[in-house]
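Trainee: Below is the file entry_8.txt, which contains compact mmCIF, C-alpha atoms and all ligand atoms.
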```txt
# COMPACT_ATOMS: atom_id res chain seq x y z
CA MET A 1 6.64 112.84 139.95
CA LYS A 2 5.47 114.45 143.16
CA HIS A 3 2.10 112.84 143.71
CA PRO A 4 2.39 109.23 144.93
CA ALA A 5 -1.11 108.36 143.74
CA LYS A 6 -0.40 109.66 140.27
CA LYS A 7 2.89 107.79 140.15
CA LEU A 8 1.19 104.59 141.24
CA ALA A 9 -1.48 105.03 138.57
CA LEU A 10 1.17 105.60 135.90
CA LEU A 11 3.14 102.53 137.01
CA GLY A 12 -0.06 100.51 136.91
CA LEU A 13 -0.70 101.74 133.40
CA CYS A 14 2.85 100.77 132.41
CA THR A 15 2.33 97.32 133.92
CA ALA A 16 -0.81 96.92 131.84
CA ILE A 17 1.05 98.01 128.72
CA ALA A 18 3.87 95.56 129.49
CA MET A 19 1.29 92.78 129.87
CA VAL A 20 -0.35 93.67 126.57
CA LEU A 21 3.06 93.61 124.89
CA ALA A 22 3.72 90.18 126.44
CA TRP A 23 0.34 89.01 125.11
CA VAL A 24 1.16 90.35 121.63
CA GLU A 25 4.45 88.47 121.81
CA ILE A 26 2.73 85.21 122.75
CA GLN A 27 0.60 85.54 119.61
CA LEU A 28 3.76 85.70 117.48
CA PRO A 29 5.31 82.41 116.36
CA PRO A 30 7.92 81.26 118.91
CA LEU A 31 11.62 81.49 118.11
CA THR A 32 12.08 77.99 119.44
CA THR A 33 9.75 75.54 121.12
CA ALA A 34 12.60 73.59 122.72
CA VAL A 35 12.90 75.85 125.74
CA PRO A 36 9.78 77.51 127.07
CA GLY A 37 9.70 81.22 127.69
CA ILE A 38 12.07 82.34 124.97
CA LYS A 39 10.62 85.52 123.54
CA LEU A 40 11.56 88.73 121.75
CA GLY A 41 11.19 90.85 124.84
CA LEU A 42 8.60 93.41 123.73
CA PRO A 43 7.53 94.08 127.36
CA ASN A 44 11.03 95.41 127.85
CA ILE A 45 9.91 98.54 125.97
CA ALA A 46 7.76 99.38 128.98
CA ILE A 47 10.47 98.35 131.44
CA ILE A 48 13.03 100.61 129.73
CA PHE A 49 10.56 103.47 129.78
CA ILE A 50 10.07 103.09 133.53
CA LEU A 51 13.79 102.60 134.15
CA TYR A 52 14.56 105.95 132.52
CA ARG A 53 11.53 107.88 133.70
CA PHE A 54 11.30 106.58 137.27
CA GLY A 55 14.20 104.37 138.31
CA TRP A 56 15.34 100.81 138.73
CA LYS A 57 13.16 100.05 141.78
CA GLU A 58 9.99 100.99 139.93
CA ALA A 59 11.18 99.06 136.86
CA ALA A 60 11.89 96.00 139.00
CA ALA A 61 8.45 96.17 140.62
CA VAL A 62 6.61 96.48 137.31
CA SER A 63 8.75 93.77 135.72
CA PHE A 64 8.07 91.39 138.61
CA VAL A 65 4.31 91.97 138.63
CA ARG A 66 4.16 91.68 134.85
CA ILE A 67 6.09 88.37 134.82
CA LEU A 68 4.02 86.86 137.63
CA ALA A 69 0.72 87.90 136.05
CA VAL A 70 1.58 86.84 132.49
CA SER A 71 3.04 83.52 133.64
CA PHE A 72 -0.03 82.61 135.67
CA ILE A 73 -2.45 83.72 132.97
CA PHE A 74 -0.75 82.03 130.02
CA ASN A 75 1.73 79.37 131.12
CA PRO A 76 2.99 78.86 134.70
CA ALA A 77 5.76 76.55 133.41
CA THR A 78 7.56 79.58 131.99
CA LEU A 79 7.76 81.37 135.34
CA PRO A 80 11.30 80.36 136.43
CA TYR A 81 12.70 81.16 133.00
CA SER A 82 10.96 84.51 132.78
CA LEU A 83 12.01 85.46 136.31
CA ALA A 84 15.67 84.58 135.67
CA GLY A 85 15.64 86.46 132.37
CA GLY A 86 13.83 89.47 133.78
CA LEU A 87 16.07 89.72 136.85
CA LEU A 88 19.37 89.42 134.99
CA SER A 89 18.18 91.77 132.28
CA LEU A 90 17.07 94.47 134.70
CA LEU A 91 20.22 94.15 136.80
CA GLY A 92 22.44 94.60 133.75
CA MET A 93 20.43 97.51 132.37
CA ALA A 94 20.32 99.34 135.72
CA LEU A 95 24.09 99.03 136.15
CA LEU A 96 24.83 100.09 132.57
CA LYS A 97 22.47 103.06 132.83
CA LYS A 98 24.37 104.17 135.93
CA THR A 99 27.66 104.28 133.99
CA ASP A 100 25.99 106.70 131.53
CA LEU A 101 28.23 105.41 128.74
CA LEU A 102 25.56 104.03 126.43
CA SER A 103 22.38 105.37 124.89
CA ILE A 104 19.03 103.83 125.74
CA THR A 105 19.40 101.55 122.73
CA GLY A 106 22.81 100.33 123.92
CA VAL A 107 21.41 99.62 127.38
CA SER A 108 18.49 97.80 125.77
CA VAL A 109 20.86 95.56 123.80
CA ALA A 110 22.40 94.46 127.07
CA GLY A 111 18.89 93.89 128.42
CA GLY A 112 17.82 91.76 125.46
CA LEU A 113 21.02 89.73 125.61
CA LEU A 114 20.88 89.15 129.37
CA HIS A 115 17.17 88.32 129.22
CA ASN A 116 17.87 85.37 126.92
CA VAL A 117 21.09 84.40 128.72
CA GLY A 118 19.24 84.35 132.04
CA GLN A 119 16.54 82.06 130.64
CA ILE A 120 19.07 79.64 129.18
CA LEU A 121 21.07 79.56 132.41
CA MET A 122 17.87 78.74 134.28
CA ALA A 123 17.08 76.03 131.73
CA MET A 124 20.55 74.56 132.21
CA LEU A 125 19.91 74.56 135.94
CA ILE A 126 16.44 73.01 135.72
CA LEU A 127 17.33 70.40 133.09
CA SER A 128 20.78 69.94 134.68
CA THR A 129 22.49 69.85 131.34
CA ALA A 130 25.25 71.96 129.86
CA GLY A 131 24.11 70.87 126.41
CA LEU A 132 22.27 74.10 125.67
CA GLY A 133 25.33 75.89 124.35
CA TYR A 134 23.92 76.14 120.85
CA TYR A 135 20.73 77.71 122.14
CA LEU A 136 22.81 80.12 124.15
CA ILE A 137 24.69 81.24 121.03
CA ILE A 138 21.55 81.55 118.89
CA LEU A 139 19.56 83.33 121.56
CA ALA A 140 22.44 85.65 122.43
CA VAL A 141 22.37 86.86 118.82
CA THR A 142 18.57 87.17 118.69
CA GLY A 143 18.73 88.94 122.06
CA VAL A 144 21.09 91.57 120.66
CA VAL A 145 18.95 92.06 117.55
CA SER A 146 15.68 92.32 119.46
CA GLY A 147 17.46 94.54 122.00
CA ILE A 148 18.21 97.05 119.25
CA PHE A 149 14.57 97.05 118.13
CA VAL A 150 13.21 97.26 121.66
CA GLY A 151 15.76 99.96 122.49
CA LEU A 152 14.70 102.14 119.57
CA CYS A 153 11.05 101.81 120.61
CA GLY A 154 11.88 102.45 124.26
CA SER A 155 14.04 105.42 123.48
CA PHE A 156 11.27 106.89 121.34
CA ALA A 157 8.83 106.44 124.23
CA VAL A 158 11.20 107.97 126.79
CA LYS A 159 11.70 111.05 124.62
CA ARG A 160 8.15 111.56 123.33
CA VAL A 161 5.68 110.37 125.93
CA ARG A 162 4.51 113.30 128.07
CA PHE A 163 2.61 113.05 131.30
CA ARG A 164 0.30 115.91 132.20
CA MET B 1 14.36 118.59 125.70
CA ASN B 2 15.03 116.56 128.78
CA GLN B 3 15.96 119.42 131.10
CA THR B 4 12.63 119.20 132.88
CA ASN B 5 13.11 115.55 133.72
CA GLN B 6 15.22 114.91 136.81
CA THR B 7 15.89 111.23 136.27
CA THR B 8 16.98 111.36 132.64
CA LYS B 9 20.21 112.80 131.40
CA PRO B 10 20.31 114.30 127.91
CA THR B 11 20.44 111.50 125.41
CA ALA B 12 18.68 112.90 122.38
CA HIS B 13 21.32 115.49 121.57
CA GLY B 14 25.06 115.23 121.88
CA GLY B 15 24.45 111.51 121.51
CA GLY B 16 27.42 111.10 119.19
CA ARG B 17 29.66 109.80 121.94
CA LYS B 18 27.02 107.42 123.20
CA PHE B 19 26.20 106.28 119.70
CA ARG B 20 29.87 105.46 119.16
CA ASN B 21 29.94 103.62 122.51
CA ASP B 22 26.82 101.70 121.49
CA LEU B 23 28.51 100.53 118.30
CA ILE B 24 31.66 99.47 120.19
CA PHE B 25 29.50 97.74 122.81
CA VAL B 26 27.44 95.79 120.27
CA ALA B 27 30.55 94.89 118.28
CA ALA B 28 32.27 93.65 121.45
CA ILE B 29 29.23 91.51 122.35
CA LEU B 30 29.12 90.00 118.86
CA VAL B 31 32.85 89.23 119.01
CA ILE B 32 32.39 87.51 122.39
CA ILE B 33 29.45 85.50 121.00
CA ALA B 34 31.56 84.50 117.97
CA ILE B 35 34.41 83.40 120.24
CA GLY B 36 31.95 81.47 122.37
CA ALA B 37 30.49 79.78 119.30
CA ALA B 38 33.98 78.86 118.06
CA ALA B 39 34.98 77.53 121.47
CA LEU B 40 31.77 75.52 121.71
CA PHE B 41 32.33 74.05 118.26
CA LEU B 42 35.94 73.10 119.01
CA LEU B 43 35.20 71.72 122.46
CA ARG B 44 32.30 69.73 121.06
CA GLU B 45 34.53 68.15 118.44
CA GLU B 46 37.23 67.29 120.96
CA GLY B 47 34.74 66.10 123.54
CA SER B 48 33.06 63.59 121.30
CA THR B 49 33.58 60.10 122.53
CA VAL B 50 32.92 56.55 121.44
CA GLN B 51 31.28 54.29 123.97
CA VAL B 52 31.47 50.53 123.66
CA GLU B 53 28.85 48.38 125.30
CA VAL B 54 28.88 44.61 125.43
CA ASN B 55 25.70 42.90 126.55
CA GLY B 56 24.51 46.17 128.08
CA THR B 57 27.70 46.83 130.05
CA ILE B 58 29.97 49.73 129.13
CA ILE B 59 33.43 48.25 128.65
CA GLY B 60 35.17 51.40 127.51
CA THR B 61 34.98 54.95 126.19
CA TYR B 62 37.48 56.37 123.72
CA PRO B 63 37.89 59.91 122.40
CA LEU B 64 37.29 60.32 118.67
CA SER B 65 40.21 62.71 118.48
CA VAL B 66 42.83 60.01 119.10
CA ASP B 67 43.42 57.45 116.35
CA ARG B 68 43.48 53.90 117.71
CA GLU B 69 42.30 50.35 117.24
CA VAL B 70 40.34 48.50 119.90
CA GLU B 71 39.85 44.74 119.83
CA ILE B 72 36.42 43.99 121.26
CA ILE B 73 36.64 40.37 122.34
CA THR B 74 33.37 38.67 123.27
CA GLY B 75 31.93 35.19 123.56
CA ASP B 76 32.31 32.55 126.25
CA SER B 77 35.82 31.57 125.28
CA GLY B 78 36.78 34.88 123.75
CA GLU B 79 36.45 33.64 120.20
CA GLU B 80 34.34 36.49 118.88
CA LEU B 81 36.02 39.65 117.67
CA ASN B 82 35.00 43.11 116.47
CA LEU B 83 37.84 45.43 115.58
CA LEU B 84 36.90 49.04 116.34
CA VAL B 85 39.03 51.51 114.44
CA ILE B 86 39.08 55.21 115.34
CA LYS B 87 40.67 57.26 112.61
CA ASP B 88 40.37 60.92 111.55
CA GLY B 89 37.62 61.54 114.10
CA LYS B 90 35.43 58.69 112.88
CA ALA B 91 34.77 55.26 114.31
CA SER B 92 34.12 52.13 112.30
CA VAL B 93 34.29 48.36 112.62
CA THR B 94 36.73 47.01 110.06
CA THR B 95 36.91 43.35 111.00
CA ALA B 96 34.27 41.19 112.62
CA THR B 97 33.84 37.45 113.04
CA CYS B 98 30.07 37.72 113.26
CA PRO B 99 28.06 35.77 110.67
CA ASP B 100 26.10 38.71 109.25
CA GLY B 101 28.94 41.24 108.95
CA ILE B 102 26.47 44.12 109.25
CA CYS B 103 28.64 45.98 111.74
CA ALA B 104 31.68 45.85 109.47
CA ALA B 105 29.60 47.12 106.56
CA HIS B 106 28.28 50.10 108.54
CA LYS B 107 29.60 53.49 107.47
CA PRO B 108 31.98 55.26 109.87
CA ILE B 109 30.19 57.17 112.64
CA SER B 110 31.22 60.48 114.17
CA ARG B 111 28.11 62.44 115.17
CA GLU B 112 26.55 62.29 118.59
CA GLY B 113 23.88 59.59 118.81
CA GLU B 114 25.11 57.55 115.86
CA SER B 115 25.82 53.91 116.58
CA ILE B 116 27.05 50.66 115.12
CA VAL B 117 25.42 47.54 116.47
CA CYS B 118 26.63 43.99 116.22
CA LEU B 119 23.65 41.92 117.26
CA PRO B 120 25.30 38.50 117.15
CA HIS B 121 28.03 39.68 119.51
CA LYS B 122 25.74 41.97 121.54
CA VAL B 123 28.12 44.87 120.89
CA VAL B 124 26.84 48.44 120.69
CA ILE B 125 29.22 51.21 119.69
CA THR B 126 27.76 54.70 120.19
CA VAL B 127 29.07 58.23 119.69
CA ILE B 128 28.30 60.32 122.75
CA GLY B 129 29.01 63.93 123.70
CA GLY B 130 31.43 65.14 126.33
CA ASN B 131 33.94 62.87 127.98
CA GLY B 132 31.96 59.73 128.63
CA GLU B 133 28.94 61.66 129.91
CA GLU B 134 25.35 60.87 129.06
CA PRO B 135 24.10 62.30 125.78
CA ASP B 136 22.47 65.74 126.11
CA VAL B 137 18.93 65.81 127.36
CA ILE B 138 17.92 68.34 124.71
CA ALA B 139 20.02 67.29 121.74
ZN ZN C 201 28.67 42.17 113.61
```
Could you write out this file's structure as structure tokens?
Mentor:
Amino acid sequence: MKHPAKKLALLGLCTAIAMVLAWVEIQLPPLTTAVPGIKLGLPNIAIIFILYRFGWKEAAAVSFVRILAVSFIFNPATLPYSLAGGLLSLLGMALLKKTDLLSITGVSVAGGLLHNVGQILMAMLILSTAGLGYYLIILAVTGVVSGIFVGLCGSFAVKRVRFR
Amino acid sequence: MNQTNQTTKPTAHGGGRKFRNDLIFVAAILVIIAIGAAALFLLREEGSTVQVEVNGTIIGTYPLSVDREVEIITGDSGEELNLLVIKDGKASVTTATCPDGICAAHKPISREGESIVCLPHKVVITVIGGNGEEPDVIA
């Protein structure tokens, strides 16, 4: 990606796609209403695409902008949860990608898991209760499952999408 | 197919090793989650506690895991009695000098939030989580 303007345009497009995916996700019935911000993680398809096509810095930037924008448009109360989930998820995925041990889907599983773990940890912090252990278990499992789905989509995008 | 892309290493082909790693990775995560769930379940059971309040004041907390009998003496001259019995992880009142006897008739309690109340004696026996901590905000 030699042209900065082109790269910026592509990242902007990816951000828009991530936001649309977040919107789609908000239209789906929530997994649980007890803790705000718990979602499947569809925007992670776009984040994984950027992580593998550009790098972790670009992925972090898009993830951050996406989370800020979606939170302020739809529900500002979810911001701390989304930020914690997004940060932990991206950190884990970037480190795992560096080891080059797992496929994109494997890395995505870690992302899905850490996304939910990060949100629950933030909820424990905000509500100052350790009594969310059951949510942690349930959402760890759903995180792994959605991580597989998101990973397959992301991996498809990384392999097939061509820029001209 | 990825040779033209500088940032991506080949993943589409020769992915057998990575696919095997993925399976090991996911299996390891699921095992850790299962261990966590088991630990949570066991700790929760052990951590459950009975709290005894008299006239709004907590006079004692007792773990459900240890069988014991507690004489709850109330009244001005100590003439009123509720006998709290903790047995097999459940708490019940077996003997009470109160006129209605509702507390003694109550089924044994063991789950967080359950309680036995003796209104005449102003005794409230509640199952709480943890070791004498407040019940969970969420649960
Ligand atoms: Zn009674």
Trainee: Would you mind reading off the distance between CA of Asp22 (chain B) and CA of Leu152 (chain A), one decimal, in Å?
Mentor: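 Here the two named atoms are 12.3 Å from each other.
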Trainee: Write out, as a Markdown table, each residue of chain B that has an atom at most 6 Å from ligand ZN 201 (chain C), together with the closest pair of atoms and their distance in Å to one decimal, counting only C-alpha atoms and all ligand atoms, rows going by chain and rising number.
Mentor:
```
| residue | atom | partner | partner_atom | distance |
| --- | --- | --- | --- | --- |
| B:Ala96 | CA | C:ZN201 | ZN | 5.8 |
| B:Cys98 | CA | C:ZN201 | ZN | 4.7 |
| B:Gly101 | CA | C:ZN201 | ZN | 4.8 |
| B:Ile102 | CA | C:ZN201 | ZN | 5.3 |
| B:Cys103 | CA | C:ZN201 | ZN | 4.2 |
| B:Cys118 | CA | C:ZN201 | ZN | 3.8 |
```
Trainee: Write the residues of the selection above to a file with C-alpha atoms, as a PDB file, keeping the file's coordinate frame.
Mentor:
```
ATOM      1  CA  ALA B  96      34.270  41.190 112.620  1.00  0.00           C
ATOM      2  CA  CYS B  98      30.070  37.720 113.260  1.00  0.00           C
ATOM      3  CA  GLY B 101      28.940  41.240 108.950  1.00  0.00           C
ATOM      4  CA  ILE B 102      26.470  44.120 109.250  1.00  0.00           C
ATOM      5  CA  CYS B 103      28.640  45.980 111.740  1.00  0.00           C
ATOM      6  CA  CYS B 118      26.630  43.990 116.220  1.00  0.00           C
TER       7      CYS B 118
END
```
Trainee: Using only C-alpha atoms, I'd like a table of the residues in chain A that come within 7 Å of chain B; for each, show the closest atom pair and its distance in Å rounded to one decimal, ordered by chain and ascending number, as JSON lines.
Mentor:
```
{"residue": "A:Tyr52", "atom": "CA", "partner": "B:Thr8", "partner_atom": "CA", "distance": 5.9}
{"residue": "A:Arg53", "atom": "CA", "partner": "B:Thr7", "partner_atom": "CA", "distance": 6.1}
{"residue": "A:Phe54", "atom": "CA", "partner": "B:Thr7", "partner_atom": "CA", "distance": 6.6}
{"residue": "A:Leu101", "atom": "CA", "partner": "B:Lys18", "partner_atom": "CA", "distance": 6.0}
{"residue": "A:Leu102", "atom": "CA", "partner": "B:Lys18", "partner_atom": "CA", "distance": 4.9}
{"residue": "A:Ser103", "atom": "CA", "partner": "B:Lys18", "partner_atom": "CA", "distance": 5.3}
{"residue": "A:Gly106", "atom": "CA", "partner": "B:Asp22", "partner_atom": "CA", "distance": 4.9}
{"residue": "A:Thr129", "atom": "CA", "partner": "B:Asp136", "partner_atom": "CA", "distance": 6.7}
{"residue": "A:Gly131", "atom": "CA", "partner": "B:Asp136", "partner_atom": "CA", "distance": 5.4}
{"residue": "A:Gly133", "atom": "CA", "partner": "B:Leu40", "partner_atom": "CA", "distance": 7.0}
{"residue": "A:Ile137", "atom": "CA", "partner": "B:Ala37", "partner_atom": "CA", "distance": 6.2}
```
Trainee: Rounded to one decimal in Å, what is the spacing between CA of Gly12 (chain A) and CA of Pro80 (chain A)?
Mentor: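 Going from CA of Gly12 (chain A) over to CA of Pro80 (chain A), I get 23.1 Å.
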Trainee: Neighbours of Thr61 (chain B) within 7 Å (all atoms listed in the file; same-chain residues fewer than 3 positions away dropped), as a ChimeraX atom specification?
Mentor: /B:49-52,132
